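S.K.: Sharing coords.cif, mmCIF, C-alpha atoms:
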```
data_query
#
loop_
_atom_site.label_atom_id
_atom_site.label_comp_id
_atom_site.auth_asym_id
_atom_site.auth_seq_id
_atom_site.Cartn_x
_atom_site.Cartn_y
_atom_site.Cartn_z
CA MET A 1 22.32 -117.16 -104.50
CA GLY A 2 20.92 -120.65 -105.10
CA LEU A 3 17.28 -121.56 -105.00
CA ILE A 4 17.61 -123.51 -101.73
CA ASP A 5 19.47 -120.61 -100.15
CA ARG A 6 16.66 -118.24 -101.19
CA ILE A 7 13.99 -120.56 -99.80
CA VAL A 8 15.82 -120.87 -96.48
CA ARG A 9 16.18 -117.08 -96.22
CA PHE A 10 12.53 -116.63 -97.05
CA LEU A 11 11.47 -119.14 -94.38
CA ILE A 12 13.69 -117.48 -91.76
CA ALA A 13 12.20 -114.09 -92.60
CA LEU A 14 8.73 -115.59 -92.47
CA LEU A 15 9.33 -117.11 -89.05
CA THR A 16 11.01 -113.96 -87.75
CA PHE A 17 8.24 -111.57 -88.71
CA ALA A 18 5.12 -113.60 -89.23
CA ALA A 19 5.21 -115.82 -86.14
CA PRO A 20 5.27 -113.05 -83.49
CA ALA A 21 2.63 -111.18 -85.45
CA GLY A 22 0.52 -114.29 -85.39
CA LEU A 23 0.83 -114.54 -81.63
CA THR A 24 0.02 -110.94 -80.87
CA ALA A 25 -2.14 -109.52 -83.64
CA ALA A 26 -4.26 -112.41 -84.84
CA GLY A 27 -7.93 -112.32 -84.02
CA PRO A 28 -10.16 -109.39 -83.20
CA LEU A 29 -8.19 -107.90 -80.33
CA ARG A 30 -5.47 -105.28 -80.81
CA TRP A 31 -3.23 -104.89 -77.79
CA GLU A 32 -1.58 -101.71 -76.64
CA ALA A 33 1.29 -103.84 -75.33
CA THR A 34 1.70 -107.58 -75.02
CA GLU A 35 4.73 -107.32 -72.73
CA ILE A 36 4.86 -105.27 -69.55
CA THR A 37 7.74 -104.98 -67.10
CA VAL A 38 7.07 -103.78 -63.56
CA ASN A 39 9.68 -102.84 -60.98
CA ALA A 40 8.29 -103.98 -57.64
CA PRO A 41 8.83 -101.51 -54.80
CA PRO A 42 10.78 -102.95 -51.86
CA LEU A 43 8.56 -104.93 -49.47
CA ALA A 44 5.56 -104.76 -51.81
CA GLU A 45 3.28 -107.75 -51.33
CA SER A 46 1.93 -107.62 -54.87
CA VAL A 47 2.13 -105.61 -58.08
CA GLU A 48 -0.42 -105.04 -60.81
CA ALA A 49 -0.08 -104.69 -64.57
CA VAL A 50 -2.84 -103.61 -66.94
CA PHE A 51 -2.97 -105.00 -70.49
CA THR A 52 -5.26 -102.83 -72.62
CA PHE A 53 -6.96 -104.01 -75.81
CA THR A 54 -9.49 -102.89 -78.39
CA ASN A 55 -11.83 -105.01 -80.43
CA ALA A 56 -10.59 -103.98 -83.88
CA SER A 57 -12.98 -106.21 -85.81
CA ASP A 58 -16.45 -105.33 -87.08
CA LYS A 59 -18.08 -108.07 -84.97
CA PRO A 60 -18.52 -108.54 -81.24
CA ALA A 61 -15.55 -110.36 -79.66
CA THR A 62 -15.87 -112.80 -76.80
CA ILE A 63 -12.95 -113.57 -74.55
CA GLY A 64 -13.44 -117.20 -73.68
CA ASP A 65 -10.52 -117.88 -71.43
CA VAL A 66 -7.78 -116.00 -69.58
CA HIS A 67 -5.28 -117.94 -67.53
CA SER A 68 -1.75 -117.58 -66.27
CA SER A 69 1.29 -119.85 -66.25
CA CYS A 70 1.67 -119.40 -62.49
CA GLY A 71 -0.67 -119.46 -59.51
CA CYS A 72 1.15 -116.32 -58.35
CA THR A 73 -0.40 -114.30 -61.21
CA VAL A 74 -4.13 -113.76 -61.24
CA PRO A 75 -5.56 -112.12 -64.38
CA LYS A 76 -8.88 -110.33 -63.98
CA LEU A 77 -11.27 -109.40 -66.76
CA ALA A 78 -14.24 -107.11 -66.12
CA LYS A 79 -16.46 -108.77 -68.76
CA LYS A 80 -16.21 -111.19 -71.65
CA LEU A 81 -18.13 -109.60 -74.54
CA TYR A 82 -16.74 -106.52 -76.37
CA ALA A 83 -18.54 -104.63 -79.11
CA PRO A 84 -16.66 -103.53 -82.29
CA GLY A 85 -14.34 -100.66 -81.38
CA GLU A 86 -14.81 -101.20 -77.65
CA SER A 87 -11.76 -101.23 -75.40
CA GLY A 88 -11.13 -103.33 -72.33
CA GLU A 89 -8.34 -104.38 -70.03
CA ILE A 90 -6.92 -107.38 -68.24
CA ARG A 91 -5.56 -106.59 -64.80
CA ALA A 92 -2.88 -109.06 -63.74
CA VAL A 93 -2.06 -109.15 -60.04
CA PHE A 94 1.27 -110.76 -59.23
CA THR A 95 1.79 -111.89 -55.63
CA ILE A 96 5.43 -111.49 -54.70
CA GLY A 97 5.75 -113.70 -51.63
CA GLU A 98 9.40 -114.59 -51.09
CA ARG A 99 10.28 -114.41 -54.76
CA ILE A 100 13.35 -112.47 -55.79
CA GLY A 101 14.95 -111.30 -59.03
CA LEU A 102 13.35 -111.13 -62.46
CA GLN A 103 10.13 -113.12 -62.74
CA GLU A 104 8.51 -113.74 -66.09
CA LYS A 105 4.95 -115.03 -66.28
CA ALA A 106 2.75 -115.71 -69.28
CA ILE A 107 -0.95 -114.90 -69.50
CA MET A 108 -2.86 -116.68 -72.23
CA VAL A 109 -5.95 -115.01 -73.70
CA THR A 110 -8.32 -116.92 -75.97
CA THR A 111 -11.16 -115.39 -77.92
CA SER A 112 -14.01 -117.42 -79.30
CA GLY A 113 -16.42 -116.78 -82.16
CA ASP A 114 -15.82 -116.46 -85.90
CA GLU A 115 -12.20 -115.39 -85.44
CA PRO A 116 -10.87 -117.43 -82.52
CA SER A 117 -7.40 -116.33 -81.47
CA HIS A 118 -4.77 -117.06 -78.87
CA THR A 119 -2.61 -114.28 -77.48
CA SER A 120 0.26 -114.75 -75.07
CA LEU A 121 0.89 -111.75 -72.82
CA THR A 122 4.10 -111.47 -70.84
CA LEU A 123 4.39 -109.94 -67.39
CA ARG A 124 7.90 -109.35 -66.10
CA VAL A 125 8.40 -108.29 -62.50
CA ASN A 126 11.73 -107.11 -61.14
CA ILE A 127 11.83 -107.89 -57.43
CA PRO A 128 14.65 -106.32 -55.46
CA THR A 129 16.77 -108.60 -53.29
CA LEU A 130 16.74 -107.03 -49.84
CA PHE A 131 18.87 -109.54 -47.96
CA GLU A 132 21.14 -112.52 -48.38
CA VAL A 133 21.31 -115.53 -46.08
CA LYS A 134 24.18 -118.00 -46.16
CA PRO A 135 23.53 -120.76 -45.43
CA TYR A 136 19.87 -121.33 -44.54
CA PHE A 137 20.74 -124.24 -42.26
CA VAL A 138 23.45 -125.67 -40.04
CA ILE A 139 24.03 -129.34 -39.27
CA TRP A 140 25.72 -131.28 -36.53
CA ASN A 141 26.35 -135.01 -36.65
CA VAL A 142 25.10 -137.09 -33.80
CA GLY A 143 27.79 -137.18 -31.15
CA GLU A 144 29.55 -134.05 -32.48
CA ALA A 145 30.67 -131.38 -29.99
CA THR A 146 27.97 -128.79 -29.26
CA THR A 147 30.01 -125.90 -30.57
CA PRO A 148 28.04 -123.00 -32.09
CA LYS A 149 27.68 -122.73 -35.87
CA SER A 150 26.66 -119.53 -37.55
CA ILE A 151 24.45 -118.28 -40.31
CA THR A 152 25.25 -114.92 -41.89
CA LEU A 153 22.55 -112.46 -42.81
CA ARG A 154 23.42 -109.47 -44.99
CA LEU A 155 21.05 -106.57 -45.49
CA LEU A 156 21.39 -105.21 -49.02
CA ALA A 157 19.09 -102.23 -48.44
CA PRO A 158 19.47 -101.36 -44.72
CA ASP A 159 17.38 -98.21 -45.11
CA VAL A 160 14.45 -100.36 -46.28
CA LEU A 161 14.79 -103.36 -44.00
CA GLY A 162 16.64 -103.56 -40.66
CA PHE A 163 17.22 -106.23 -38.06
CA GLY A 164 14.36 -107.04 -35.71
CA SER A 165 14.67 -110.15 -33.59
CA VAL A 166 15.94 -113.72 -33.59
CA MET A 167 13.96 -116.49 -31.95
CA SER A 168 14.55 -120.22 -31.74
CA ARG A 169 11.34 -122.20 -32.10
CA HIS A 170 12.88 -125.36 -30.71
CA ALA A 171 13.96 -125.71 -27.12
CA GLY A 172 16.84 -127.91 -28.22
CA PHE A 173 18.65 -125.08 -30.01
CA ASP A 174 19.81 -121.68 -28.74
CA ALA A 175 20.10 -118.84 -31.25
CA VAL A 176 21.89 -115.57 -30.56
CA ALA A 177 22.36 -112.61 -32.88
CA VAL A 178 25.89 -111.28 -33.03
CA ALA A 179 26.56 -107.94 -34.72
CA GLY A 180 28.72 -108.54 -37.77
CA THR A 181 32.08 -107.05 -38.50
CA GLU A 182 30.67 -104.90 -41.30
CA PRO A 183 27.59 -102.69 -41.62
CA GLY A 184 24.41 -104.55 -42.52
CA ARG A 185 25.79 -107.92 -41.48
CA MET A 186 24.55 -110.08 -38.63
CA ASP A 187 25.80 -113.49 -37.62
CA ILE A 188 23.37 -115.80 -35.92
CA ALA A 189 25.18 -118.22 -33.64
CA ILE A 190 23.22 -121.44 -33.16
CA THR A 191 24.06 -124.02 -30.54
CA PRO A 192 22.39 -127.37 -29.95
CA GLN A 193 21.87 -128.28 -26.33
CA THR A 194 22.78 -131.84 -27.12
CA THR A 195 23.82 -133.88 -30.13
CA ALA A 196 23.03 -137.22 -28.55
CA GLN A 197 20.24 -137.87 -31.05
CA GLY A 198 18.85 -136.49 -34.28
CA THR A 199 16.54 -133.51 -34.13
CA ASN A 200 15.40 -130.59 -36.30
CA GLY A 201 14.74 -127.03 -35.20
CA ALA A 202 13.67 -123.74 -36.77
CA ILE A 203 14.97 -120.26 -36.01
CA VAL A 204 12.91 -117.28 -37.09
CA VAL A 205 14.63 -114.02 -37.92
CA SER A 206 12.40 -110.99 -38.07
CA LEU A 207 13.37 -107.98 -40.20
CA LYS A 208 11.63 -104.63 -39.85
CA SER A 209 11.15 -101.63 -42.07
CA PRO A 210 11.12 -98.06 -40.68
CA GLU A 211 7.34 -98.06 -41.28
CA GLY A 212 6.94 -101.08 -39.02
CA ARG A 213 6.41 -103.72 -41.69
CA THR A 214 8.05 -107.05 -40.96
CA ARG A 215 9.51 -109.85 -43.01
CA GLU A 216 10.24 -113.20 -41.40
CA ILE A 217 12.91 -115.63 -42.54
CA THR A 218 12.99 -119.20 -41.28
CA LEU A 219 16.40 -120.80 -40.77
CA TYR A 220 17.08 -124.38 -39.75
CA ALA A 221 19.30 -126.28 -37.34
CA MET A 222 19.59 -130.04 -37.52
CA VAL A 223 21.36 -132.83 -35.69
CA ARG A 224 21.66 -135.70 -38.12
CA GLY A 225 22.77 -139.31 -38.05
CA THR A 226 22.02 -142.51 -36.25
CA PRO A 227 22.89 -142.42 -32.60
CA THR A 228 25.67 -144.81 -31.76
CA PRO A 229 25.06 -146.79 -28.57
CA ALA A 230 27.64 -144.61 -26.83
CA ALA A 231 25.99 -141.38 -28.00
CA ALA A 232 22.39 -142.46 -27.46
CA ALA A 233 22.63 -144.07 -24.10
CA PRO A 234 23.19 -141.90 -21.06
CA ALA A 235 26.71 -142.09 -19.77
CA PRO A 236 27.04 -144.72 -17.09
CA THR A 237 27.12 -143.17 -13.69
CA ALA A 238 29.91 -144.08 -11.40
CA PRO A 239 28.81 -146.04 -8.36
CA ALA A 240 28.49 -143.84 -5.35
CA ALA A 241 31.53 -143.90 -3.27
CA ALA A 242 31.10 -145.48 0.06
CA PRO A 243 31.08 -142.98 2.81
CA MET B 1 47.63 -123.12 -101.56
CA LYS B 2 49.00 -121.09 -98.68
CA ALA B 3 45.49 -120.33 -97.44
CA LEU B 4 44.56 -124.00 -97.54
CA ARG B 5 47.65 -124.85 -95.51
CA GLU B 6 46.72 -122.21 -92.89
CA VAL B 7 43.19 -123.59 -92.65
CA CYS B 8 44.57 -127.08 -92.11
CA VAL B 9 46.91 -125.85 -89.37
CA LEU B 10 44.10 -124.00 -87.61
CA ALA B 11 41.81 -127.03 -87.85
CA ALA B 12 44.52 -129.25 -86.40
CA VAL B 13 45.12 -126.82 -83.53
CA ALA B 14 41.37 -126.68 -82.77
CA ALA B 15 40.95 -130.44 -83.05
CA LEU B 16 43.44 -131.20 -80.30
CA PRO B 17 41.53 -129.56 -77.37
CA ALA B 18 38.24 -130.79 -78.84
CA ALA B 19 39.52 -134.36 -78.85
CA LEU B 20 40.77 -133.94 -75.29
CA ALA B 21 37.39 -132.58 -74.15
CA LEU B 22 35.59 -135.46 -75.85
CA ALA B 23 37.87 -138.00 -74.21
CA LEU B 24 37.78 -136.48 -70.73
CA HIS B 25 34.23 -135.12 -70.54
CA PRO B 26 32.01 -136.75 -73.17
CA GLU B 27 28.89 -135.55 -71.31
CA LEU B 28 29.98 -131.91 -71.68
CA THR B 29 30.19 -132.12 -75.45
CA ASP B 30 26.80 -133.81 -75.50
CA ARG B 31 25.38 -130.94 -73.43
CA ALA B 32 26.98 -128.37 -75.72
CA ARG B 33 25.43 -130.11 -78.70
CA THR B 34 21.95 -130.30 -77.19
CA GLY B 35 22.00 -126.91 -75.46
CA LEU B 36 21.39 -128.46 -72.04
CA ALA B 37 22.36 -126.30 -69.07
CA PRO B 38 25.19 -127.68 -66.92
CA ASP B 39 22.85 -128.32 -63.97
CA ALA B 40 20.04 -129.79 -66.08
CA VAL B 41 19.41 -133.52 -66.11
CA ARG B 42 17.11 -135.76 -68.08
CA PRO B 43 14.86 -138.43 -66.51
CA ALA B 44 17.03 -141.21 -67.98
CA GLU B 45 20.16 -139.72 -66.41
CA VAL B 46 18.52 -139.58 -62.99
CA ALA B 47 17.31 -143.16 -63.35
CA ALA B 48 20.91 -144.24 -63.91
CA TRP B 49 22.20 -142.62 -60.72
CA THR B 50 23.16 -144.87 -57.87
CA ALA B 51 23.07 -142.06 -55.29
CA PRO B 52 19.77 -141.48 -53.47
CA VAL B 53 17.63 -138.78 -55.08
CA LEU B 54 15.40 -136.20 -53.46
CA TRP B 55 12.78 -134.92 -55.89
CA VAL B 56 11.60 -131.37 -55.27
CA ASP B 57 8.36 -130.28 -56.90
CA ALA B 58 8.35 -126.57 -57.78
CA ARG B 59 4.79 -126.54 -59.14
CA ASP B 60 1.75 -125.15 -57.38
CA ALA B 61 -0.25 -127.11 -54.81
CA ALA B 62 -3.04 -128.02 -57.26
CA ALA B 63 -0.62 -129.51 -59.80
CA PHE B 64 1.18 -131.40 -57.03
CA ALA B 65 -2.14 -132.80 -55.82
CA ARG B 66 -2.99 -134.01 -59.35
CA GLY B 67 0.22 -136.02 -59.49
CA HIS B 68 3.91 -135.88 -58.64
CA VAL B 69 7.08 -137.95 -58.68
CA PRO B 70 6.78 -140.57 -55.93
CA GLY B 71 8.40 -139.29 -52.74
CA ALA B 72 8.71 -135.72 -54.03
CA VAL B 73 8.56 -132.80 -51.62
CA ARG B 74 6.87 -129.59 -52.69
CA LEU B 75 8.82 -126.36 -52.36
CA ASP B 76 6.64 -123.27 -52.34
CA GLU B 77 8.37 -120.31 -53.96
CA ASP B 78 5.88 -117.96 -52.25
CA ASN B 79 7.08 -119.09 -48.83
CA PHE B 80 10.56 -120.23 -49.70
CA SER B 81 12.22 -120.17 -46.29
CA ALA B 82 9.24 -121.63 -44.44
CA SER B 83 8.73 -124.47 -46.92
CA LEU B 84 12.47 -125.20 -47.07
CA GLY B 85 11.95 -127.09 -43.79
CA GLY B 86 10.02 -129.79 -45.61
CA VAL B 87 12.85 -130.23 -48.11
CA LEU B 88 15.50 -130.36 -45.39
CA ALA B 89 13.49 -132.88 -43.36
CA ALA B 90 13.63 -135.27 -46.33
CA TRP B 91 17.19 -134.42 -47.35
CA SER B 92 20.50 -135.90 -46.29
CA PRO B 93 23.97 -134.79 -47.42
CA ASP B 94 24.52 -137.92 -49.53
CA MET B 95 21.49 -137.15 -51.70
CA ARG B 96 21.28 -135.57 -55.11
CA VAL B 97 18.44 -133.10 -55.42
CA VAL B 98 16.38 -132.76 -58.61
CA VAL B 99 13.91 -129.87 -58.90
CA TYR B 100 11.17 -130.02 -61.51
CA CYS B 101 8.28 -127.88 -62.70
CA ASP B 102 5.70 -128.40 -65.47
CA THR B 103 7.48 -128.43 -68.82
CA ALA B 104 10.68 -127.35 -70.54
CA ALA B 105 9.11 -123.90 -70.92
CA CYS B 106 8.90 -123.16 -67.21
CA SER B 107 11.89 -121.62 -65.48
CA ARG B 108 10.82 -122.11 -61.87
CA SER B 109 12.79 -125.34 -61.36
CA ARG B 110 15.99 -123.71 -62.57
CA GLU B 111 15.45 -120.69 -60.32
CA LEU B 112 14.61 -122.79 -57.28
CA ALA B 113 17.58 -125.09 -57.90
CA GLN B 114 19.78 -122.01 -57.80
CA ARG B 115 18.13 -120.83 -54.56
CA LEU B 116 18.64 -124.26 -52.97
CA ARG B 117 22.32 -124.13 -53.88
CA GLU B 118 22.56 -120.66 -52.35
CA ALA B 119 20.76 -121.98 -49.26
CA GLY B 120 23.58 -124.46 -48.76
CA LEU B 121 22.56 -127.68 -50.52
CA SER B 122 24.97 -129.32 -52.92
CA GLU B 123 24.37 -131.53 -55.95
CA VAL B 124 21.19 -129.69 -56.92
CA HIS B 125 19.91 -130.14 -60.48
CA HIS B 126 16.81 -129.23 -62.43
CA LEU B 127 14.91 -131.67 -64.59
CA HIS B 128 14.98 -130.84 -68.29
CA GLY B 129 11.41 -131.12 -69.55
CA GLY B 130 9.94 -131.11 -66.05
CA TRP B 131 6.96 -133.18 -64.93
CA GLU B 132 5.91 -133.66 -68.56
CA ALA B 133 9.22 -135.35 -69.42
CA TRP B 134 9.19 -137.45 -66.26
CA SER B 135 5.63 -138.62 -66.95
CA ARG B 136 6.52 -139.49 -70.52
CA ALA B 137 9.60 -141.42 -69.40
CA HIS B 138 7.58 -143.37 -66.83
CA ALA B 139 4.44 -143.90 -68.88
CA THR B 140 3.30 -147.49 -69.07
CA PRO B 141 3.10 -148.71 -72.67
#
```
Rewrite the structure from the file as structure tokens, please.

M.R.:
Amino acid sequence: MGLIDRIVRFLIALLTFAAPAGLTAAGPLRWEATEITVNAPPLAESVEAVFTFTNASDKPATIGDVHSSCGCTVPKLAKKLYAPGESGEIRAVFTIGERIGLQEKAIMVTTSGDEPSHTSLTLRVNIPTLFEVKPYFVIWNVGEATTPKSITLRLLAPDVLGFGSVMSRHAGFDAVAVAGTEPGRMDIAITPQTTAQGTNGAIVVSLKSPEGRTREITLYAMVRGTPTPAAAAPAPTAPAAAP
Amino acid sequence: MKALREVCVLAAVAALPAALALALHPELTDRARTGLAPDAVRPAEVAAWTAPVLWVDARDAAAFARGHVPGAVRLDEDNFSASLGGVLAAWSPDMRVVVYCDTAACSRSRELAQRLREAGLSEVHHLHGGWEAWSRAHATP
């Protein structure tokens, strides 16, 4: 093995082992875990993770700053100053909103004093996907026939979330729920009253859990394009026939 | 000698599809070299597009208020379906959509680009390097 080869191997080993240690163990705080994964229960509005630490140094440690990479994650710290050997915790509350799938957020902790340190904590949240919507919108061109177009909603956990209601929030569009051909599927047929000019409308689908909790999904219907003179202007009326 | 001949044959066989890929899709080989995701674009690429572009800002409201790409629409991941209306109001089918977040380290733009595709939009990309890269590319000297 040549000298250069040895140096490269040494540097790789150094980066592999020393760098993560530097991120997690430097400074006065020793963490029970720097990565936590939480499985969010269906329909949960938020989840919480607790990162526990101990001041392992022989001096008081001050946590100067705690902030998260996302406004959805709020880290809370009971106090800033920790005596030698004292333990504390950072409670991170993650607001789920309409997020789905695996979410990974970083929480940065900075200590000040003689041994300033930066620690990056990782919160992973698995959020179950309870429904699928395809597509979220339907479009007609100006002047197109006012034939219904549909949006398909599939419930992936029907025991957790079932169909509630469908309501058009725009008088220019009618929305009707049609039971799908398979369990857990609903087709929402949307019809514009006219396509003579461009307009946008929203349709709200309400889903309900057996406990009475609701989840609303907003869908969209749009008539797009520039009205042609023939489409925009009212059709000429025939002159009244003479009696 | 036999082994060398076999290596040469294998190299020649591998070189043929590689040359074809380079000739037909030079951008793909560039992406493979740089590790760029297929739906990722750089600010310079977007600037070269002739198609109209809809910029979608995946950052939080405070970051958007501090500064954003001119004409960008904010898409709130917390209220995805409700805030999708703002995106659709600015969108037309001839547009290319570019979603961005803070830096190359954030994954929100990639995730939201995927959700927009699933919602029914086409030609949706995410900006490699995010707002940081866009700001750098448009910084006045």

S.K.: Find the spatial neighbours of Ala33 of chain A, counting only C-alpha atoms, within a cut-off of 10 Å - ignore same-chain residues fewer than 6 positions away - and output them as JSON, numbers by chain.

M.R.: {"A": [24, 50, 51, 52, 53, 121, 122]}

S.K.: Name the residues that the PyMOL selection byres ((chain B) within 6 of (chain A)) picks from the file above, as a PyMOL selection string, using the file's chain letters and numbers.

M.R.: chain B and resi 78-82+119-120

S.K.: Quick one, how far is atom CA of Pro60 of chain A from atom CA of Gly88 of chain A?

M.R.: 12.7 Å

S.K.: Could you name the residues that touch Gly86 of chain B at 10 Å or less, counting all atoms listed in the file, but leaving out those on the same chain fewer than 3 positions away, as a PyMOL selection string?

M.R.: chain B and resi 56+73-76+81-83+89-91

S.K.: Show me, as a PDB file with C-alpha atoms, in the frame of the given file, the residues that have an atom within 9 Å of Leu123 of chain A when counting all atoms listed in the file, minus same-chain residues fewer than 5 positions from it.

M.R.:
```
ATOM      1  CA  THR A  34       1.700-107.580 -75.020  1.00  0.00           C
ATOM      2  CA  GLU A  35       4.730-107.320 -72.730  1.00  0.00           C
ATOM      3  CA  ILE A  36       4.860-105.270 -69.550  1.00  0.00           C
ATOM      4  CA  THR A  37       7.740-104.980 -67.100  1.00  0.00           C
ATOM      5  CA  VAL A  38       7.070-103.780 -63.560  1.00  0.00           C
ATOM      6  CA  ALA A  49      -0.080-104.690 -64.570  1.00  0.00           C
ATOM      7  CA  THR A  73      -0.400-114.300 -61.210  1.00  0.00           C
ATOM      8  CA  ALA A  92      -2.880-109.060 -63.740  1.00  0.00           C
ATOM      9  CA  PHE A  94       1.270-110.760 -59.230  1.00  0.00           C
ATOM     10  CA  GLN A 103      10.130-113.120 -62.740  1.00  0.00           C
ATOM     11  CA  GLU A 104       8.510-113.740 -66.090  1.00  0.00           C
ATOM     12  CA  LYS A 105       4.950-115.030 -66.280  1.00  0.00           C
ATOM     13  CA  ALA A 106       2.750-115.710 -69.280  1.00  0.00           C
ATOM     14  CA  ILE A 107      -0.950-114.900 -69.500  1.00  0.00           C
TER      15      ILE A 107
END
```

S.K.: For the file shown, report as a PDB file with C-alpha atoms, in the coordinates of the input the outcome of the PyMOL selection byres ((chain A and resi 83) around 12) at residue level.

M.R.:
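Wrote it out as result28.pdb, contents follow:
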```
ATOM      1  CA  PRO A  28     -10.160-109.390 -83.200  1.00  0.00           C
ATOM      2  CA  LEU A  29      -8.190-107.900 -80.330  1.00  0.00           C
ATOM      3  CA  THR A  54      -9.490-102.890 -78.390  1.00  0.00           C
ATOM      4  CA  ASN A  55     -11.830-105.010 -80.430  1.00  0.00           C
ATOM      5  CA  ALA A  56     -10.590-103.980 -83.880  1.00  0.00           C
ATOM      6  CA  SER A  57     -12.980-106.210 -85.810  1.00  0.00           C
ATOM      7  CA  ASP A  58     -16.450-105.330 -87.080  1.00  0.00           C
ATOM      8  CA  LYS A  59     -18.080-108.070 -84.970  1.00  0.00           C
ATOM      9  CA  PRO A  60     -18.520-108.540 -81.240  1.00  0.00           C
ATOM     10  CA  ALA A  61     -15.550-110.360 -79.660  1.00  0.00           C
ATOM     11  CA  THR A  62     -15.870-112.800 -76.800  1.00  0.00           C
ATOM     12  CA  ILE A  63     -12.950-113.570 -74.550  1.00  0.00           C
ATOM     13  CA  LYS A  79     -16.460-108.770 -68.760  1.00  0.00           C
ATOM     14  CA  LYS A  80     -16.210-111.190 -71.650  1.00  0.00           C
ATOM     15  CA  LEU A  81     -18.130-109.600 -74.540  1.00  0.00           C
ATOM     16  CA  TYR A  82     -16.740-106.520 -76.370  1.00  0.00           C
ATOM     17  CA  PRO A  84     -16.660-103.530 -82.290  1.00  0.00           C
ATOM     18  CA  GLY A  85     -14.340-100.660 -81.380  1.00  0.00           C
ATOM     19  CA  GLU A  86     -14.810-101.200 -77.650  1.00  0.00           C
ATOM     20  CA  SER A  87     -11.760-101.230 -75.400  1.00  0.00           C
ATOM     21  CA  GLY A  88     -11.130-103.330 -72.330  1.00  0.00           C
TER      22      GLY A  88
END
```

S.K.: Please provide as a list of chain:residue names all residues within 8 Å of segment 112-118 of chain B, with the sequence filter that same-chain residues fewer than 6 positions apart are discarded (counting all atoms listed in the file).

M.R.: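 Result of the neighbour search: A:Lys134, A:Pro135, B:Ala58, B:Glu77, B:Val98, B:Val99, B:Val124, B:His125, B:His126.
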